[in-house]
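Take a look at the structure set out below.
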Amino acid sequence: MAQNVYDNQEFFKGYIQLPRQVRGLDGTPEWQDLRALIPSPKGTNFLDLGCGFGWVCRWARDEGAQSVLGVDVSENMLSKAYEFPADPCVTYVQADLETYELPLDKYDIVFSSLTLHYLKALPELILRIYRSLVPGGTLVFSVEHPIFTAPRNAKFVEDSEGQTIWPLDSYLSESPRTTNWLAEGVIKQHRTIATYVTILLEAGFTLSGIIEWGPSLEQIKESPQWADERKRPPFLLMKATKGISS
């Protein structure tokens, strides 16, 4: 079973104060680039894996999706999603993505934001996603960038010249990484970029977009605290498509 850190009350107390949870998509700095990768949801069956508070579910519905399903392992997350006005075309399910079964040839778009790096059985999930997409369907997701997840001690340090740097090490050692982020003992799965690409290709996908995301200079002007994030990309955004003849 995937680690459900979001139902840790200490963790969740800090998590709900993050800008992306207080302000939703307006507080999610990578959202504009993620949105550019997502085909128009109009008329689609849309699936959000690791939907959290349901921000993207509601966006997809507002953009014209005919049905939206959000899946999350966390009761705390889904309780927040249910606080928003109900829509009969938007539904939520509590489930563990490590084992969650998906219907065949159902979805036009599958989306996931900052969730897949928690999962050990990612290749199996990606294969299930592939099978759940209709021919020509699209998977768009973000994960913490492998440069971000690789270090054993994942934080900026000062070098001998007094410059702030990111201490990249153990990049090729793919294994769980335990960090203390909002709570102690948060486990993430470190994978290289090549592994993410290989998992997609072996499932049958065509890789159609990849962004090593960092804040723009304009975003840094608005939010100077993001300046160090240009020294290494915090997020990896990927788009993969299922062939028309699949």
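Chain labels follow the order of the structure tokens: the first chain is A, the next B, and so on; residue numbering restarts at 1 in every chain, and ligands are counted from 1 in their shown order.
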
In region 36-169 of chain A, what's helix (DSSP H, G or I) per DSSP? Answer as a VMD selection string?
chain A and resid 36 to 37 55 to 62 75 to 81 116 to 118 122 to 132 146 to 149

Export N, CA and C atoms of the chosen residues as a short mmCIF file (atom, residue, chain, number, x, y, z; two decimals), in the first residue's frame?
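File selection.cif, as written:
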```cif
data_model
loop_
_atom_site.label_atom_id
_atom_site.label_comp_id
_atom_site.auth_asym_id
_atom_site.auth_seq_id
_atom_site.Cartn_x
_atom_site.Cartn_y
_atom_site.Cartn_z
N ALA A 36 -0.85 23.69 -20.34
CA ALA A 36 -0.52 23.74 -21.77
C ALA A 36 -0.32 22.34 -22.35
N LEU A 37 0.01 21.37 -21.50
CA LEU A 37 0.20 19.99 -21.97
C LEU A 37 -1.12 19.22 -22.08
N TRP A 55 -8.94 20.38 -7.14
CA TRP A 55 -8.80 21.62 -7.91
C TRP A 55 -8.85 21.34 -9.42
N VAL A 56 -8.09 20.35 -9.87
CA VAL A 56 -8.04 20.07 -11.31
C VAL A 56 -9.33 19.40 -11.78
N CYS A 57 -9.95 18.60 -10.93
CA CYS A 57 -11.25 18.01 -11.27
C CYS A 57 -12.26 19.10 -11.59
N ARG A 58 -12.33 20.11 -10.74
CA ARG A 58 -13.30 21.18 -10.96
C ARG A 58 -12.92 22.02 -12.18
N TRP A 59 -11.61 22.22 -12.39
CA TRP A 59 -11.17 22.94 -13.59
C TRP A 59 -11.59 22.19 -14.85
N ALA A 60 -11.37 20.87 -14.88
CA ALA A 60 -11.73 20.08 -16.06
C ALA A 60 -13.23 20.17 -16.34
N ARG A 61 -14.01 20.12 -15.29
CA ARG A 61 -15.47 20.23 -15.47
C ARG A 61 -15.83 21.62 -15.99
N ASP A 62 -15.21 22.65 -15.46
CA ASP A 62 -15.47 24.01 -15.92
C ASP A 62 -15.08 24.18 -17.39
N GLU A 75 -8.25 10.27 3.11
CA GLU A 75 -9.57 10.71 3.57
C GLU A 75 -9.57 12.21 3.83
N ASN A 76 -8.46 12.73 4.38
CA ASN A 76 -8.37 14.17 4.63
C ASN A 76 -8.50 14.97 3.35
N MET A 77 -7.80 14.52 2.31
CA MET A 77 -7.84 15.24 1.03
C MET A 77 -9.26 15.26 0.48
N LEU A 78 -9.89 14.10 0.44
CA LEU A 78 -11.22 14.02 -0.15
C LEU A 78 -12.26 14.78 0.67
N SER A 79 -12.06 14.85 1.98
CA SER A 79 -13.00 15.62 2.81
C SER A 79 -12.96 17.09 2.41
N LYS A 80 -11.79 17.59 2.03
CA LYS A 80 -11.68 18.96 1.55
C LYS A 80 -12.36 19.12 0.18
N ALA A 81 -12.17 18.12 -0.69
CA ALA A 81 -12.80 18.18 -2.01
C ALA A 81 -14.32 18.24 -1.87
N LEU A 116 2.85 10.50 -8.34
CA LEU A 116 3.43 9.24 -8.79
C LEU A 116 4.79 8.94 -8.16
N HIS A 117 5.49 9.95 -7.66
CA HIS A 117 6.79 9.67 -7.04
C HIS A 117 6.65 9.04 -5.65
N TYR A 118 5.42 8.89 -5.17
CA TYR A 118 5.21 8.18 -3.91
C TYR A 118 5.02 6.67 -4.12
N LEU A 122 4.96 1.75 -9.81
CA LEU A 122 4.60 2.70 -10.87
C LEU A 122 4.46 2.04 -12.24
N PRO A 123 5.35 1.14 -12.65
CA PRO A 123 5.18 0.54 -13.98
C PRO A 123 3.83 -0.14 -14.15
N GLU A 124 3.37 -0.82 -13.11
CA GLU A 124 2.08 -1.49 -13.19
C GLU A 124 0.93 -0.49 -13.33
N LEU A 125 1.01 0.63 -12.59
CA LEU A 125 -0.03 1.65 -12.71
C LEU A 125 -0.02 2.28 -14.10
N ILE A 126 1.16 2.58 -14.62
CA ILE A 126 1.24 3.20 -15.95
C ILE A 126 0.63 2.28 -17.00
N LEU A 127 0.86 0.98 -16.88
CA LEU A 127 0.26 0.04 -17.83
C LEU A 127 -1.26 0.04 -17.70
N ARG A 128 -1.77 0.11 -16.47
CA ARG A 128 -3.22 0.16 -16.28
C ARG A 128 -3.79 1.46 -16.86
N ILE A 129 -3.06 2.56 -16.69
CA ILE A 129 -3.49 3.83 -17.27
C ILE A 129 -3.56 3.72 -18.79
N TYR A 130 -2.53 3.14 -19.37
CA TYR A 130 -2.50 2.98 -20.84
C TYR A 130 -3.73 2.22 -21.33
N ARG A 131 -4.05 1.14 -20.66
CA ARG A 131 -5.19 0.32 -21.06
C ARG A 131 -6.51 1.03 -20.82
N SER A 132 -6.54 1.95 -19.85
CA SER A 132 -7.78 2.65 -19.54
C SER A 132 -8.07 3.80 -20.49
N PRO A 146 13.82 14.25 -10.61
CA PRO A 146 14.82 13.34 -10.04
C PRO A 146 16.06 14.03 -9.45
N ILE A 147 16.39 15.20 -9.94
CA ILE A 147 17.49 15.94 -9.32
C ILE A 147 17.08 16.39 -7.92
N PHE A 148 15.80 16.62 -7.73
CA PHE A 148 15.26 17.02 -6.43
C PHE A 148 15.20 15.84 -5.46
N THR A 149 14.80 14.67 -5.98
CA THR A 149 14.62 13.51 -5.10
C THR A 149 15.90 12.74 -4.82
#
```

Expected answer as a PyMOL selection string: strand (DSSP E or B) residues in region 155-209 of chain A
chain A and resi 157-158+164-165+176-179+186-189+206-209

Counting only C-alpha atoms, give me one row per residue of region 19-69 of chain A with an atom at most 10 Å from an atom of region 236-239 of chain A, showing the shortest contact pair and its distance in Å to one decimal, sorted by chain then residue number, as CSV.
```
residue,atom,partner,partner_atom,distance
A:Glu30,CA,A:Leu237,CA,8.9
A:Asp33,CA,A:Leu237,CA,8.3
A:Leu34,CA,A:Leu237,CA,6.8
A:Leu37,CA,A:Lys239,CA,6.5
A:Ile38,CA,A:Lys239,CA,7.9
```

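Each of A:Tyr100, A:Phe12, A:Phe53, A:Phe205 was compared to Leu139 (chain A) using only C-alpha atoms, and A:Phe205 turns out to be the nearest.
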
Neighbouring residues of region 152-154 of chain A were defined as those with any atom within 8 Å, considering only C-alpha atoms; residues of the same chain fewer than 2 positions away were excluded. Please report them as a PyMOL selection string.
chain A and resi 148-150+156+166-167+169-170+177+179

Compile the contact shell of Asp108 (chain A) as an MDAnalysis selection string: residues with an atom at most 10 Å away, counting only C-alpha atoms, same-chain residues fewer than 2 positions apart removed.
chainID A and resid 39 41 43:47 65 105:106 110 132:139 242

Quick one: residues within 8 Å of Thr91 (chain A), only C-alpha atoms counted, chain neighbours fewer than 2 positions away excluded, as a list in words?
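Contacts, in chain order: Val68, Leu69, Gly70, Asp87, Pro88, Cys89 and Val93 of chain A.
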
Write out as an MDAnalysis selection string which residues come within 10 Å of region 228-231 of chain A when counting only C-alpha atoms, dropping same-chain ones fewer than 2 positions away.
chainID A and resid 156 164:166 213:217 220 224:226 233:235

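Taking only C-alpha atoms into account, Glu144 (chain A) lies nearest to A:Glu212 out of the set A:Glu222, A:Glu212, A:Glu202, A:Asp48.
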
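Coordinates place CA of Thr28 (chain A) at a distance of 20.1 Å from CA of Ser74 (chain A).
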
Do you have the CA of Gly27 (chain A)-CA of Val186 (chain A) distance handy?
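Result for CA of Gly27 (chain A) versus CA of Val186 (chain A): 23.0 Å, one decimal.
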
In Å, rounded to a single decimal, give me how far CA of Lys188 (chain A) is from CA of Lys155 (chain A).
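CA of Lys188 (chain A) lies at a distance of 15.0 Å from CA of Lys155 (chain A).
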